[in-house]
Amino acid sequence: MDELGRKTVDEFKAADKTPVVLVLDNVRSMHNVGSVFRTADAFLLQGIVLCGYTPVPPHRDINKTALGATETVDWQYFPTTMEAVEALKNAGYRIMTIEQAAGSVMLDAFVPPASQPLALVFGNEVSGVDAGVMKIADGCIEIPQSGMKHSLNISVSTGIVVWDIFVKLKAAAGR
């Protein structure tokens, strides 16, 4: 790991974080949750908020895909996604849902706020983001798709969205 320049857990905890939090709205798959933890670790995100019946660490099925990221990435739990989103709004986050919806902005056209932290809400694998949360969010981001299915697994969606925003934030910071 030294040759790869990887951070230790302590170095990760102390590092400046990318001002993004991922909110999981009733995600049912432990493997998806573990994968989201790995993505949050890879891009040094501020943390993850697990909501509703989304499984929480520690659990061997989450750890199976997280590969240690549950030890590095800060996370918290809220009984409902609405409570989580309201708390994040009160803390100054801009709330963006990731969904296919009327009025959404395509990911390639989305410009992340330079001076405000961002909370990205990813919904349930079947039903998507809660309708009430969609109403109080600051906006909605959609991943452009051209195939027949027009849907992606949440772990894939998370990777695509986080990478795009990470690159845009780095470019805006001149790094």
# chains A, B, ... in the order shown; residues from 1 in each chain; ligands from 1
$ residues_around --residues "range 131-143 of chain A" --least-positions-apart "2" --cutoff "10 Å" --atoms "only C-alpha atoms" --output "number ranges by chain"
A: 25, 80-86, 89, 93-110, 119-121, 123, 127-129, 145-146, 150-152, 157, 160-161
$ select_by_dssp --residues "chain A" --states "alpha helix (DSSP H)" --output "VMD selection string"
chain A and resid 9 to 14 30 to 42 60 to 66 69 to 72 81 to 90 131 to 136 154 to 172
$ residues_around --residues "range 38-40 of chain A" --least-positions-apart "6" --cutoff "9 Å" --atoms "only C-alpha atoms" --output "PyMOL selection string"
chain A and resi 20-22+46-48+65-70+73+155+158-159+162-163
$ select_by_dssp --residues "range 4-169 of chain A" --states "strand (DSSP E or B)" --output "mmCIF file with C-alpha atoms, in the first residue's frame"
data_model
loop_
_atom_site.group_PDB
_atom_site.id
_atom_site.type_symbol
_atom_site.label_atom_id
_atom_site.label_comp_id
_atom_site.auth_asym_id
_atom_site.auth_seq_id
_atom_site.Cartn_x
_atom_site.Cartn_y
_atom_site.Cartn_z
ATOM 1 C CA THR A 18 -14.594 16.695 -0.963
ATOM 2 C CA PRO A 19 -17.658 18.745 0.134
ATOM 3 C CA VAL A 20 -20.172 16.063 -0.839
ATOM 4 C CA VAL A 21 -22.377 13.811 1.278
ATOM 5 C CA LEU A 22 -24.261 10.831 -0.151
ATOM 6 C CA VAL A 23 -27.763 10.152 1.169
ATOM 7 C CA LEU A 24 -29.184 6.660 0.682
ATOM 8 C CA ASP A 25 -32.997 6.685 0.703
ATOM 9 C CA LEU A 45 -16.232 12.459 0.428
ATOM 10 C CA GLN A 46 -17.414 14.025 3.676
ATOM 11 C CA GLY A 47 -19.657 11.093 4.444
ATOM 12 C CA ILE A 48 -22.749 9.002 3.922
ATOM 13 C CA VAL A 49 -26.209 9.300 5.450
ATOM 14 C CA LEU A 50 -28.136 6.032 5.653
ATOM 15 C CA CYS A 51 -31.918 6.391 5.913
ATOM 16 C CA TRP A 75 -21.617 7.832 8.288
ATOM 17 C CA GLN A 76 -24.785 8.474 10.217
ATOM 18 C CA TYR A 77 -28.288 7.071 10.305
ATOM 19 C CA PHE A 78 -31.696 8.791 10.202
ATOM 20 C CA ARG A 94 -27.572 22.089 -1.308
ATOM 21 C CA ILE A 95 -29.799 19.029 -1.759
ATOM 22 C CA MET A 96 -29.845 17.353 -5.153
ATOM 23 C CA THR A 97 -31.728 14.162 -5.887
ATOM 24 C CA ILE A 98 -30.472 11.712 -8.496
ATOM 25 C CA VAL A 105 -30.832 18.826 -15.161
ATOM 26 C CA MET A 106 -28.670 16.397 -17.081
ATOM 27 C CA LEU A 118 -23.606 19.246 -1.723
ATOM 28 C CA ALA A 119 -25.845 16.387 -0.570
ATOM 29 C CA LEU A 120 -26.757 13.863 -3.252
ATOM 30 C CA VAL A 121 -29.841 11.719 -2.590
ATOM 31 C CA PHE A 122 -29.919 8.272 -4.195
ATOM 32 C CA ASN A 124 -34.464 2.842 -3.562
ATOM 33 C CA GLY A 128 -36.410 5.700 -6.542
ATOM 34 C CA GLY A 139 -32.992 20.250 -7.661
ATOM 35 C CA CYS A 140 -32.712 16.967 -9.492
ATOM 36 C CA ILE A 141 -29.831 15.557 -11.529
ATOM 37 C CA GLU A 142 -30.418 12.962 -14.225
#
$ atom_distance --atom1 "CA of Ala87 in chain A" --atom2 "CA of Leu44 in chain A"
21.5 Å
$ atom_distance --atom1 "CA of Asn63 in chain A" --atom2 "CA of His31 in chain A"
8.3 Å
$ residues_around --residues "Lys170 in chain A" --least-positions-apart "4" --cutoff "10 Å" --atoms "only C-alpha atoms" --output "list of chain:residue names"
A:Thr18, A:Ala114, A:Ile165, A:Phe166, A:Gly174, A:Arg175
$ write_last_selection --atoms "C-alpha atoms" --output "tab-separated table (two decimals), in the first residue's frame"
chain	number	residue	atom	x	y	z
A	18	THR	CA	-14.59	16.70	-0.96
A	114	ALA	CA	-18.35	26.18	-5.58
A	165	ILE	CA	-18.93	16.14	-9.68
A	166	PHE	CA	-15.46	15.37	-8.29
A	174	GLY	CA	-7.87	24.90	-10.24
A	175	ARG	CA	-6.34	21.58	-9.20
$ closest_residue --among "A:Ala42, A:Pro117, A:His59, A:Phe37" --to "Asp74 in chain A" --atoms "only C-alpha atoms"
A:Phe37
$ closest_residue --among "A:Arg28, A:Val111, A:Thr54, A:Pro144" --to "Val126 in chain A" --atoms "only C-alpha atoms"
A:Arg28
$ closest_residue --among "A:Gly147, A:Phe43, A:Met30, A:Ser115" --to "Val167 in chain A" --atoms "only C-alpha atoms"
A:Phe43
$ atom_distance --atom1 "CA of Val33 in chain A" --atom2 "CA of Lys64 in chain A"
10.3 Å
$ decode --residues "range 33-47 of chain A" --atoms "all heavy atoms" --output "short mmCIF file (atom, residue, chain, number, x, y, z; two decimals), in the first residue's frame"
data_model
loop_
_atom_site.label_atom_id
_atom_site.label_comp_id
_atom_site.auth_asym_id
_atom_site.auth_seq_id
_atom_site.Cartn_x
_atom_site.Cartn_y
_atom_site.Cartn_z
N VAL A 33 -24.90 -0.80 -0.65
CA VAL A 33 -24.42 0.08 0.42
C VAL A 33 -22.90 -0.02 0.53
O VAL A 33 -22.21 1.00 0.60
CB VAL A 33 -25.11 -0.26 1.76
CG1 VAL A 33 -24.48 0.52 2.91
CG2 VAL A 33 -26.61 0.03 1.68
N GLY A 34 -22.36 -1.22 0.52
CA GLY A 34 -20.91 -1.40 0.58
C GLY A 34 -20.20 -0.74 -0.58
O GLY A 34 -19.15 -0.10 -0.40
N SER A 35 -20.77 -0.85 -1.75
CA SER A 35 -20.18 -0.24 -2.94
C SER A 35 -20.18 1.28 -2.83
O SER A 35 -19.21 1.95 -3.21
CB SER A 35 -20.96 -0.68 -4.18
OG SER A 35 -20.41 -0.10 -5.33
N VAL A 36 -21.25 1.85 -2.28
CA VAL A 36 -21.32 3.30 -2.09
C VAL A 36 -20.25 3.74 -1.09
O VAL A 36 -19.61 4.79 -1.27
CB VAL A 36 -22.73 3.74 -1.68
CG1 VAL A 36 -22.76 5.20 -1.24
CG2 VAL A 36 -23.72 3.52 -2.83
N PHE A 37 -20.02 2.96 -0.05
CA PHE A 37 -18.94 3.28 0.90
C PHE A 37 -17.59 3.33 0.17
O PHE A 37 -16.79 4.23 0.40
CB PHE A 37 -18.88 2.26 2.04
CG PHE A 37 -19.68 2.67 3.25
CD1 PHE A 37 -20.99 2.27 3.40
CD2 PHE A 37 -19.11 3.46 4.25
CE1 PHE A 37 -21.73 2.64 4.51
CE2 PHE A 37 -19.83 3.85 5.36
CZ PHE A 37 -21.14 3.43 5.50
N ARG A 38 -17.34 2.37 -0.71
CA ARG A 38 -16.07 2.36 -1.44
C ARG A 38 -15.93 3.58 -2.34
O ARG A 38 -14.85 4.17 -2.46
CB ARG A 38 -15.93 1.09 -2.28
CG ARG A 38 -15.35 -0.02 -1.44
CD ARG A 38 -15.20 -1.31 -2.15
NE ARG A 38 -14.27 -1.31 -3.27
CZ ARG A 38 -14.16 -2.34 -4.09
NH1 ARG A 38 -14.92 -3.42 -3.93
NH2 ARG A 38 -13.30 -2.31 -5.08
N THR A 39 -17.01 3.97 -2.99
CA THR A 39 -16.98 5.17 -3.83
C THR A 39 -16.71 6.41 -2.99
O THR A 39 -15.90 7.26 -3.37
CB THR A 39 -18.30 5.31 -4.61
OG1 THR A 39 -18.46 4.17 -5.45
CG2 THR A 39 -18.34 6.57 -5.45
N ALA A 40 -17.37 6.51 -1.84
CA ALA A 40 -17.15 7.67 -0.95
C ALA A 40 -15.70 7.73 -0.47
O ALA A 40 -15.11 8.81 -0.37
CB ALA A 40 -18.11 7.60 0.24
N ASP A 41 -15.12 6.57 -0.20
CA ASP A 41 -13.71 6.52 0.20
C ASP A 41 -12.82 6.94 -0.96
O ASP A 41 -11.89 7.75 -0.78
CB ASP A 41 -13.37 5.10 0.66
CG ASP A 41 -11.90 4.95 1.02
OD1 ASP A 41 -11.06 4.88 0.10
OD2 ASP A 41 -11.60 4.88 2.23
N ALA A 42 -13.08 6.41 -2.13
CA ALA A 42 -12.23 6.68 -3.30
C ALA A 42 -12.12 8.17 -3.60
O ALA A 42 -11.06 8.64 -4.03
CB ALA A 42 -12.76 5.94 -4.52
N PHE A 43 -13.19 8.92 -3.37
CA PHE A 43 -13.20 10.34 -3.72
C PHE A 43 -13.16 11.25 -2.49
O PHE A 43 -13.45 12.43 -2.58
CB PHE A 43 -14.39 10.66 -4.62
CG PHE A 43 -14.29 9.92 -5.93
CD1 PHE A 43 -15.07 8.81 -6.18
CD2 PHE A 43 -13.38 10.31 -6.89
CE1 PHE A 43 -14.96 8.10 -7.37
CE2 PHE A 43 -13.25 9.62 -8.09
CZ PHE A 43 -14.05 8.51 -8.32
N LEU A 44 -12.77 10.67 -1.33
CA LEU A 44 -12.60 11.45 -0.08
C LEU A 44 -13.83 12.30 0.24
O LEU A 44 -13.70 13.48 0.56
CB LEU A 44 -11.36 12.34 -0.18
CG LEU A 44 -10.12 11.93 0.56
CD1 LEU A 44 -8.97 12.87 0.26
CD2 LEU A 44 -10.32 11.78 2.03
N LEU A 45 -15.01 11.71 0.15
CA LEU A 45 -16.23 12.46 0.43
C LEU A 45 -16.39 12.69 1.93
O LEU A 45 -15.87 11.94 2.75
CB LEU A 45 -17.46 11.72 -0.12
CG LEU A 45 -17.46 11.44 -1.62
CD1 LEU A 45 -18.82 10.88 -2.04
CD2 LEU A 45 -17.10 12.66 -2.44
N GLN A 46 -17.18 13.70 2.27
CA GLN A 46 -17.41 14.03 3.68
C GLN A 46 -18.12 12.90 4.42
O GLN A 46 -17.88 12.71 5.60
CB GLN A 46 -18.25 15.31 3.81
CG GLN A 46 -17.46 16.55 3.49
CD GLN A 46 -18.31 17.80 3.63
OE1 GLN A 46 -19.53 17.77 3.54
NE2 GLN A 46 -17.65 18.92 3.83
N GLY A 47 -19.00 12.19 3.75
CA GLY A 47 -19.66 11.09 4.44
C GLY A 47 -20.87 10.56 3.72
O GLY A 47 -21.17 10.96 2.59
#
